[in-house]
>>> print(open('target.pdb').read())   # PDB, C-alpha atoms
ATOM      1  CA  MET A 200     103.409  89.146  95.698  1.00  0.00           C
ATOM      2  CA  GLY A 201     103.324  92.404  93.728  1.00  0.00           C
ATOM      3  CA  GLU A 202     106.823  92.125  92.301  1.00  0.00           C
ATOM      4  CA  GLN A 203     106.192  88.625  91.075  1.00  0.00           C
ATOM      5  CA  LEU A 204     103.177  89.835  89.104  1.00  0.00           C
ATOM      6  CA  TYR A 205     104.924  92.876  87.626  1.00  0.00           C
ATOM      7  CA  SER A 206     107.187  90.463  85.729  1.00  0.00           C
ATOM      8  CA  GLU A 207     104.193  88.972  83.929  1.00  0.00           C
ATOM      9  CA  PRO A 208     103.229  90.159  80.431  1.00  0.00           C
ATOM     10  CA  MET A 209     101.536  93.550  80.631  1.00  0.00           C
ATOM     11  CA  GLY A 210      98.362  92.291  78.936  1.00  0.00           C
ATOM     12  CA  ALA A 211      97.732  89.550  81.454  1.00  0.00           C
ATOM     13  CA  LEU A 212      98.420  91.866  84.358  1.00  0.00           C
ATOM     14  CA  LEU A 213      96.031  94.522  83.091  1.00  0.00           C
ATOM     15  CA  LEU A 214      93.341  91.971  82.451  1.00  0.00           C
ATOM     16  CA  THR A 215      93.621  90.649  85.971  1.00  0.00           C
ATOM     17  CA  LEU A 216      93.616  94.115  87.544  1.00  0.00           C
ATOM     18  CA  ASP A 217      90.479  94.811  85.500  1.00  0.00           C
ATOM     19  CA  ALA A 218      88.824  91.626  86.744  1.00  0.00           C
ATOM     20  CA  THR A 219      89.804  92.361  90.345  1.00  0.00           C
ATOM     21  CA  PHE A 220      88.548  95.948  90.418  1.00  0.00           C
ATOM     22  CA  PHE A 221      85.385  94.934  88.579  1.00  0.00           C
ATOM     23  CA  ALA A 222      84.751  92.079  91.033  1.00  0.00           C
ATOM     24  CA  LEU A 223      85.049  94.542  93.932  1.00  0.00           C
ATOM     25  CA  SER A 224      82.642  97.069  92.361  1.00  0.00           C
ATOM     26  CA  ASP A 225      79.472  95.381  93.660  1.00  0.00           C
ATOM     27  CA  PRO A 226      78.349  95.422  97.315  1.00  0.00           C
ATOM     28  CA  LYS A 227      76.898  91.892  97.095  1.00  0.00           C
ATOM     29  CA  ARG A 228      80.257  90.578  95.926  1.00  0.00           C
ATOM     30  CA  ARG A 229      82.077  92.435  98.709  1.00  0.00           C
ATOM     31  CA  ASP A 230      79.572  90.861 101.157  1.00  0.00           C
ATOM     32  CA  VAL A 231      80.457  87.396  99.808  1.00  0.00           C
ATOM     33  CA  LEU A 232      84.175  88.101 100.379  1.00  0.00           C
ATOM     34  CA  GLU A 233      83.507  89.338 103.919  1.00  0.00           C
ATOM     35  CA  ARG A 234      81.486  86.193 104.650  1.00  0.00           C
ATOM     36  CA  LEU A 235      84.165  83.871 103.192  1.00  0.00           C
ATOM     37  CA  GLY A 236      86.779  85.715 105.259  1.00  0.00           C
ATOM     38  CA  ARG A 237      85.176  83.992 108.249  1.00  0.00           C
ATOM     39  CA  GLY A 238      85.366  80.540 106.607  1.00  0.00           C
ATOM     40  CA  PRO A 239      84.091  78.473 103.639  1.00  0.00           C
ATOM     41  CA  ALA A 240      80.380  78.382 102.761  1.00  0.00           C
ATOM     42  CA  THR A 241      78.213  76.628 100.194  1.00  0.00           C
ATOM     43  CA  LEU A 242      76.382  78.599  97.491  1.00  0.00           C
ATOM     44  CA  SER A 243      73.092  78.070  99.381  1.00  0.00           C
ATOM     45  CA  GLN A 244      74.628  79.364 102.606  1.00  0.00           C
ATOM     46  CA  LEU A 245      75.816  82.464 100.743  1.00  0.00           C
ATOM     47  CA  ALA A 246      72.455  82.965  99.024  1.00  0.00           C
ATOM     48  CA  GLY A 247      70.466  82.893 102.293  1.00  0.00           C
ATOM     49  CA  PRO A 248      71.547  86.160 103.941  1.00  0.00           C
ATOM     50  CA  SER A 249      72.264  87.899 100.608  1.00  0.00           C
ATOM     51  CA  GLY A 250      68.620  88.242  99.580  1.00  0.00           C
ATOM     52  CA  LEU A 251      69.620  86.817  96.178  1.00  0.00           C
ATOM     53  CA  THR A 252      68.424  83.688  94.411  1.00  0.00           C
ATOM     54  CA  LEU A 253      70.809  80.762  94.037  1.00  0.00           C
ATOM     55  CA  ASN A 254      71.316  81.804  90.390  1.00  0.00           C
ATOM     56  CA  GLY A 255      72.006  85.391  91.416  1.00  0.00           C
ATOM     57  CA  ILE A 256      74.665  84.376  93.900  1.00  0.00           C
ATOM     58  CA  LYS A 257      76.174  81.909  91.387  1.00  0.00           C
ATOM     59  CA  LYS A 258      76.686  84.762  88.930  1.00  0.00           C
ATOM     60  CA  HIS A 259      78.442  86.911  91.531  1.00  0.00           C
ATOM     61  CA  VAL A 260      80.601  83.996  92.720  1.00  0.00           C
ATOM     62  CA  GLY A 261      81.562  83.329  89.080  1.00  0.00           C
ATOM     63  CA  ILE A 262      82.821  86.910  88.704  1.00  0.00           C
ATOM     64  CA  LEU A 263      84.800  86.603  91.955  1.00  0.00           C
ATOM     65  CA  GLU A 264      86.197  83.269  90.744  1.00  0.00           C
ATOM     66  CA  LEU A 265      87.397  84.801  87.441  1.00  0.00           C
ATOM     67  CA  ALA A 266      89.413  87.329  89.436  1.00  0.00           C
ATOM     68  CA  GLY A 267      90.873  84.562  91.627  1.00  0.00           C
ATOM     69  CA  LEU A 268      89.254  86.081  94.712  1.00  0.00           C
ATOM     70  CA  VAL A 269      87.147  82.968  95.343  1.00  0.00           C
ATOM     71  CA  GLU A 270      87.574  79.310  94.498  1.00  0.00           C
ATOM     72  CA  THR A 271      84.807  76.726  94.516  1.00  0.00           C
ATOM     73  CA  GLU A 272      84.684  72.943  94.757  1.00  0.00           C
ATOM     74  CA  LYS A 273      81.851  70.467  94.346  1.00  0.00           C
ATOM     75  CA  VAL A 274      81.362  68.639  97.669  1.00  0.00           C
ATOM     76  CA  GLY A 275      78.603  66.035  97.389  1.00  0.00           C
ATOM     77  CA  ARG A 276      75.560  67.872  96.037  1.00  0.00           C
ATOM     78  CA  ALA A 277      76.713  71.293  97.202  1.00  0.00           C
ATOM     79  CA  ARG A 278      79.332  73.709  95.848  1.00  0.00           C
ATOM     80  CA  GLU A 279      81.659  74.930  98.557  1.00  0.00           C
ATOM     81  CA  CYS A 280      83.207  78.386  98.180  1.00  0.00           C
ATOM     82  CA  ARG A 281      86.287  79.745  99.906  1.00  0.00           C
ATOM     83  CA  LEU A 282      88.734  82.627  99.477  1.00  0.00           C
ATOM     84  CA  GLY A 283      90.880  82.000  96.372  1.00  0.00           C
ATOM     85  CA  PRO A 284      94.547  82.726  95.633  1.00  0.00           C
ATOM     86  CA  ALA A 285      93.701  86.436  95.081  1.00  0.00           C
ATOM     87  CA  MET A 286      96.999  86.969  93.309  1.00  0.00           C
ATOM     88  CA  THR A 287      95.973  90.433  92.147  1.00  0.00           C
ATOM     89  CA  LEU A 288      94.446  91.795  95.338  1.00  0.00           C
ATOM     90  CA  GLY A 289      97.892  92.961  96.455  1.00  0.00           C
ATOM     91  CA  GLU A 290      98.422  94.416  92.991  1.00  0.00           C
ATOM     92  CA  ALA A 291      95.129  96.303  93.177  1.00  0.00           C
ATOM     93  CA  GLY A 292      95.994  97.653  96.630  1.00  0.00           C
ATOM     94  CA  GLU A 293      99.426  98.741  95.394  1.00  0.00           C
ATOM     95  CA  TRP A 294      97.926 100.487  92.370  1.00  0.00           C
ATOM     96  CA  ILE A 295      95.695 102.538  94.658  1.00  0.00           C
ATOM     97  CA  GLU A 296      98.496 103.302  97.136  1.00  0.00           C
ATOM     98  CA  ALA A 297     100.850 104.419  94.348  1.00  0.00           C
ATOM     99  CA  HIS A 298      98.219 106.746  92.922  1.00  0.00           C
ATOM    100  CA  ARG A 299      97.086 108.149  96.261  1.00  0.00           C
ATOM    101  CA  HIS A 300     100.532 109.734  96.356  1.00  0.00           C
ATOM    102  CA  ALA A 301      99.758 111.540  93.085  1.00  0.00           C
ATOM    103  CA  TRP A 302      96.555 112.902  94.652  1.00  0.00           C
ATOM    104  CA  GLU A 303      98.300 113.815  97.898  1.00  0.00           C
ATOM    105  CA  GLY A 304     101.144 115.471  95.984  1.00  0.00           C
ATOM    106  CA  ARG A 305      98.520 117.493  94.174  1.00  0.00           C
ATOM    107  CA  LEU A 306      96.977 118.592  97.508  1.00  0.00           C
ATOM    108  CA  ASP A 307     100.418 119.331  99.010  1.00  0.00           C
ATOM    109  CA  ARG A 308     101.287 121.533  96.052  1.00  0.00           C
ATOM    110  CA  PHE A 309      97.964 123.321  96.500  1.00  0.00           C
ATOM    111  CA  GLU A 310      98.518 123.848 100.247  1.00  0.00           C
ATOM    112  CA  HIS A 311     102.037 125.055  99.580  1.00  0.00           C
ATOM    113  CA  PHE A 312     100.658 127.510  97.045  1.00  0.00           C
ATOM    114  CA  VAL A 313      98.011 128.748  99.514  1.00  0.00           C
ATOM    115  CA  GLU A 314     100.584 129.097 102.312  1.00  0.00           C
ATOM    116  CA  GLY A 315     102.999 130.909  99.997  1.00  0.00           C
ATOM    117  CA  ALA A 316     100.230 133.315  99.027  1.00  0.00           C
ATOM    118  CA  GLY A 317      99.131 133.948 102.677  1.00  0.00           C
TER     119      GLY A 317
ATOM    120  CA  MET B 264      89.892 110.529 105.143  1.00  0.00           C
ATOM    121  CA  GLY B 265      88.631 106.991 105.779  1.00  0.00           C
ATOM    122  CA  GLU B 266      87.066 107.665 109.185  1.00  0.00           C
ATOM    123  CA  GLN B 267      85.245 110.685 107.902  1.00  0.00           C
ATOM    124  CA  LEU B 268      83.578 108.596 105.216  1.00  0.00           C
ATOM    125  CA  TYR B 269      82.644 105.740 107.548  1.00  0.00           C
ATOM    126  CA  SER B 270      80.312 108.159 109.361  1.00  0.00           C
ATOM    127  CA  GLU B 271      78.283 108.664 106.191  1.00  0.00           C
ATOM    128  CA  PRO B 272      75.082 106.667 105.603  1.00  0.00           C
ATOM    129  CA  MET B 273      75.912 103.120 104.557  1.00  0.00           C
ATOM    130  CA  GLY B 274      74.098 103.405 101.215  1.00  0.00           C
ATOM    131  CA  ALA B 275      76.048 106.416 100.037  1.00  0.00           C
ATOM    132  CA  LEU B 276      79.323 104.869 101.103  1.00  0.00           C
ATOM    133  CA  LEU B 277      78.648 101.637  99.251  1.00  0.00           C
ATOM    134  CA  LEU B 278      77.560 103.479  96.127  1.00  0.00           C
ATOM    135  CA  THR B 279      80.754 105.478  96.105  1.00  0.00           C
ATOM    136  CA  LEU B 280      82.956 102.434  96.703  1.00  0.00           C
ATOM    137  CA  ASP B 281      81.103 100.773  93.821  1.00  0.00           C
ATOM    138  CA  ALA B 282      81.741 103.757  91.560  1.00  0.00           C
ATOM    139  CA  THR B 283      85.416 103.915  92.548  1.00  0.00           C
ATOM    140  CA  PHE B 284      86.164 100.223  91.988  1.00  0.00           C
ATOM    141  CA  PHE B 285      84.177 100.259  88.750  1.00  0.00           C
ATOM    142  CA  ALA B 286      86.049 103.345  87.519  1.00  0.00           C
ATOM    143  CA  LEU B 287      89.363 101.572  88.189  1.00  0.00           C
ATOM    144  CA  SER B 288      88.316  98.390  86.348  1.00  0.00           C
ATOM    145  CA  ASP B 289      89.279  99.660  82.872  1.00  0.00           C
ATOM    146  CA  PRO B 290      92.893 100.097  81.672  1.00  0.00           C
ATOM    147  CA  LYS B 291      92.005 103.180  79.579  1.00  0.00           C
ATOM    148  CA  ARG B 292      90.582 104.858  82.670  1.00  0.00           C
ATOM    149  CA  ARG B 293      93.656 103.942  84.721  1.00  0.00           C
ATOM    150  CA  ASP B 294      95.786 105.437  81.907  1.00  0.00           C
ATOM    151  CA  VAL B 295      93.796 108.688  82.170  1.00  0.00           C
ATOM    152  CA  LEU B 296      94.470 108.833  85.922  1.00  0.00           C
ATOM    153  CA  GLU B 297      98.200 108.190  85.384  1.00  0.00           C
ATOM    154  CA  ARG B 298      98.312 110.969  82.802  1.00  0.00           C
ATOM    155  CA  LEU B 299      96.428 113.442  85.029  1.00  0.00           C
ATOM    156  CA  GLY B 300      98.790 112.543  87.883  1.00  0.00           C
ATOM    157  CA  ARG B 301     101.417 114.476  85.881  1.00  0.00           C
ATOM    158  CA  GLY B 302      99.136 117.534  85.482  1.00  0.00           C
ATOM    159  CA  PRO B 303      95.840 118.708  83.920  1.00  0.00           C
ATOM    160  CA  ALA B 304      94.979 117.907  80.300  1.00  0.00           C
ATOM    161  CA  THR B 305      92.132 118.695  77.916  1.00  0.00           C
ATOM    162  CA  LEU B 306      89.856 115.958  76.576  1.00  0.00           C
ATOM    163  CA  SER B 307      91.623 116.193  73.193  1.00  0.00           C
ATOM    164  CA  GLN B 308      95.032 115.853  74.838  1.00  0.00           C
ATOM    165  CA  LEU B 309      93.775 112.737  76.646  1.00  0.00           C
ATOM    166  CA  ALA B 310      92.209 111.284  73.491  1.00  0.00           C
ATOM    167  CA  GLY B 311      95.423 111.601  71.436  1.00  0.00           C
ATOM    168  CA  PRO B 312      97.660 108.953  73.050  1.00  0.00           C
ATOM    169  CA  SER B 313      94.695 106.788  74.193  1.00  0.00           C
ATOM    170  CA  GLY B 314      93.784 105.577  70.705  1.00  0.00           C
ATOM    171  CA  LEU B 315      90.166 106.510  71.525  1.00  0.00           C
ATOM    172  CA  THR B 316      87.848 108.969  69.823  1.00  0.00           C
ATOM    173  CA  LEU B 317      86.895 112.168  71.634  1.00  0.00           C
ATOM    174  CA  ASN B 318      83.528 110.581  72.438  1.00  0.00           C
ATOM    175  CA  GLY B 319      85.203 107.441  73.748  1.00  0.00           C
ATOM    176  CA  ILE B 320      87.447 109.394  76.088  1.00  0.00           C
ATOM    177  CA  LYS B 321      84.494 111.578  77.192  1.00  0.00           C
ATOM    178  CA  LYS B 322      82.627 108.470  78.308  1.00  0.00           C
ATOM    179  CA  HIS B 323      85.589 107.231  80.354  1.00  0.00           C
ATOM    180  CA  VAL B 324      86.194 110.661  81.885  1.00  0.00           C
ATOM    181  CA  GLY B 325      82.479 110.802  82.825  1.00  0.00           C
ATOM    182  CA  ILE B 326      82.789 107.518  84.739  1.00  0.00           C
ATOM    183  CA  LEU B 327      85.906 108.813  86.524  1.00  0.00           C
ATOM    184  CA  GLU B 328      84.068 112.052  87.305  1.00  0.00           C
ATOM    185  CA  LEU B 329      81.125 110.180  88.882  1.00  0.00           C
ATOM    186  CA  ALA B 330      83.556 108.489  91.263  1.00  0.00           C
ATOM    187  CA  GLY B 331      85.156 111.861  92.110  1.00  0.00           C
ATOM    188  CA  LEU B 332      88.494 110.675  90.699  1.00  0.00           C
ATOM    189  CA  VAL B 333      88.536 113.383  88.040  1.00  0.00           C
ATOM    190  CA  GLU B 334      87.016 116.850  87.784  1.00  0.00           C
ATOM    191  CA  THR B 335      86.543 118.810  84.591  1.00  0.00           C
ATOM    192  CA  GLU B 336      86.056 122.462  83.754  1.00  0.00           C
ATOM    193  CA  LYS B 337      85.201 124.244  80.532  1.00  0.00           C
ATOM    194  CA  VAL B 338      88.113 126.524  79.596  1.00  0.00           C
ATOM    195  CA  GLY B 339      87.370 128.457  76.416  1.00  0.00           C
ATOM    196  CA  ARG B 340      86.392 125.869  73.813  1.00  0.00           C
ATOM    197  CA  ALA B 341      88.200 123.002  75.553  1.00  0.00           C
ATOM    198  CA  ARG B 342      87.304 120.927  78.610  1.00  0.00           C
ATOM    199  CA  GLU B 343      90.182 120.697  81.045  1.00  0.00           C
ATOM    200  CA  CYS B 344      90.474 117.587  83.223  1.00  0.00           C
ATOM    201  CA  ARG B 345      92.419 117.180  86.447  1.00  0.00           C
ATOM    202  CA  LEU B 346      92.522 114.801  89.389  1.00  0.00           C
ATOM    203  CA  GLY B 347      89.366 115.213  91.483  1.00  0.00           C
ATOM    204  CA  PRO B 348      88.778 115.088  95.258  1.00  0.00           C
ATOM    205  CA  ALA B 349      88.935 111.244  95.127  1.00  0.00           C
ATOM    206  CA  MET B 350      87.253 111.020  98.501  1.00  0.00           C
ATOM    207  CA  THR B 351      86.777 107.275  98.178  1.00  0.00           C
ATOM    208  CA  LEU B 352      90.181 106.259  96.836  1.00  0.00           C
ATOM    209  CA  GLY B 353      91.472 106.013 100.411  1.00  0.00           C
ATOM    210  CA  GLU B 354      88.365 104.066 101.327  1.00  0.00           C
ATOM    211  CA  ALA B 355      88.912 101.648  98.440  1.00  0.00           C
ATOM    212  CA  GLY B 356      92.545 101.158  99.431  1.00  0.00           C
ATOM    213  CA  GLU B 357      91.534 100.534 103.045  1.00  0.00           C
ATOM    214  CA  TRP B 358      88.907  97.999 101.987  1.00  0.00           C
ATOM    215  CA  ILE B 359      91.557  96.032 100.107  1.00  0.00           C
ATOM    216  CA  GLU B 360      94.116  96.295 102.925  1.00  0.00           C
ATOM    217  CA  ALA B 361      91.588  95.137 105.539  1.00  0.00           C
ATOM    218  CA  HIS B 362      90.649  92.135 103.432  1.00  0.00           C
ATOM    219  CA  ARG B 363      94.193  91.187 102.487  1.00  0.00           C
ATOM    220  CA  HIS B 364      94.576  90.319 106.173  1.00  0.00           C
ATOM    221  CA  ALA B 365      91.712  87.811 105.842  1.00  0.00           C
ATOM    222  CA  TRP B 366      93.534  86.198 102.904  1.00  0.00           C
ATOM    223  CA  GLU B 367      96.874  86.249 104.684  1.00  0.00           C
ATOM    224  CA  GLY B 368      95.286  84.798 107.830  1.00  0.00           C
ATOM    225  CA  ARG B 369      93.914  82.011 105.688  1.00  0.00           C
ATOM    226  CA  LEU B 370      97.408  81.282 104.268  1.00  0.00           C
ATOM    227  CA  ASP B 371      99.013  81.492 107.737  1.00  0.00           C
ATOM    228  CA  ARG B 372      96.536  78.963 109.083  1.00  0.00           C
ATOM    229  CA  PHE B 373      97.316  76.700 106.137  1.00  0.00           C
ATOM    230  CA  GLU B 374     101.106  76.989 106.652  1.00  0.00           C
ATOM    231  CA  HIS B 375     100.643  76.342 110.357  1.00  0.00           C
ATOM    232  CA  PHE B 376      98.653  73.223 109.518  1.00  0.00           C
ATOM    233  CA  VAL B 377     101.304  72.008 107.044  1.00  0.00           C
ATOM    234  CA  GLU B 378     104.124  72.681 109.554  1.00  0.00           C
ATOM    235  CA  GLY B 379     102.165  70.917 112.307  1.00  0.00           C
ATOM    236  CA  ALA B 380     101.731  67.874 110.070  1.00  0.00           C
ATOM    237  CA  GLY B 381     105.421  67.817 109.007  1.00  0.00           C
TER     238      GLY B 381
END
>>> encode(input="target.pdb", output="structure tokens")
Amino acid sequence: MGEQLYSEPMGALLLTLDATFFALSDPKRRDVLERLGRGPATLSQLAGPSGLTLNGIKKHVGILELAGLVETEKVGRARECRLGPAMTLGEAGEWIEAHRHAWEGRLDRFEHFVEGAG
Amino acid sequence: MGEQLYSEPMGALLLTLDATFFALSDPKRRDVLERLGRGPATLSQLAGPSGLTLNGIKKHVGILELAGLVETEKVGRARECRLGPAMTLGEAGEWIEAHRHAWEGRLDRFEHFVEGAG
């Protein structure tokens, strides 16, 4: 999944990484993703346990939808939400993994320095 | 690193995950982290290649500092920046990994359904 996206224009990729990380930066939105991980739900079903109004939850679902993390469909009078294609979730995870190595390398160098000095 | 953080009060953990994901949601801030992955730099050294003013870069570095991704220190008349403790970067990576399984499970179930129908 990651490799496929790396071949996209840099602008588009950065924009989508931005949208993905931003979508994940709110606990209510992470709650929505956890709930949809157990199966689809309507906006009203999401609003209930969230303590948010229908409009509040709509706004959060819209941000998740922009990032491709959620997709929604009108079913009768309700709007059903489910996990979306999430094309950049793998990308976001890989970004973090790649950079954790930089942090760990930094700590390793520090430990090495401390050991060398001891 | 992850387990240690899970034992913290839920509020603090969520706030830090929020700050981490938010800090990562801007390409200029990710550029700063990539640069600091190669070694410390002053604010002016970061501002140069970023195309941002000193004040612009200060704002981004402040957001990275809040999330613990960067730490800064006054050295003479300059402010030196380096990678910070990043206590929640592992946490953020684990959140994504855990939830990728939900997405993959969803795709597996779909493929299984398609295969069953074929």
>>> interface_residues(input="target.pdb", of="chain B", to="chain A", cutoff="6 Å", atoms="all atoms listed in the file", output="MDAnalysis selection string")
chainID B and resid 281 284:285 288:289 300 356 359 365
>>> residues_near_point(input="target.pdb", point="(80.9, 89.2, 93.1)", cutoff="6 Å", atoms="all atoms listed in the file", output="list in words")
Ala222, Arg228, His259, Val260, Ile262 and Leu263 of chain A
>>> closest_residue(input="target.pdb", among="B:Ala361, B:Cys344, B:Met350, B:Leu315", to="Gly331 in chain B", atoms="all atoms listed in the file")
B:Met350
>>> residues_around(input="target.pdb", residues="Lys273 in chain A", least_positions_apart="4", cutoff="12 Å", atoms="all atoms listed in the file", output="PyMOL selection string")
chain A and resi 240-242+277-281
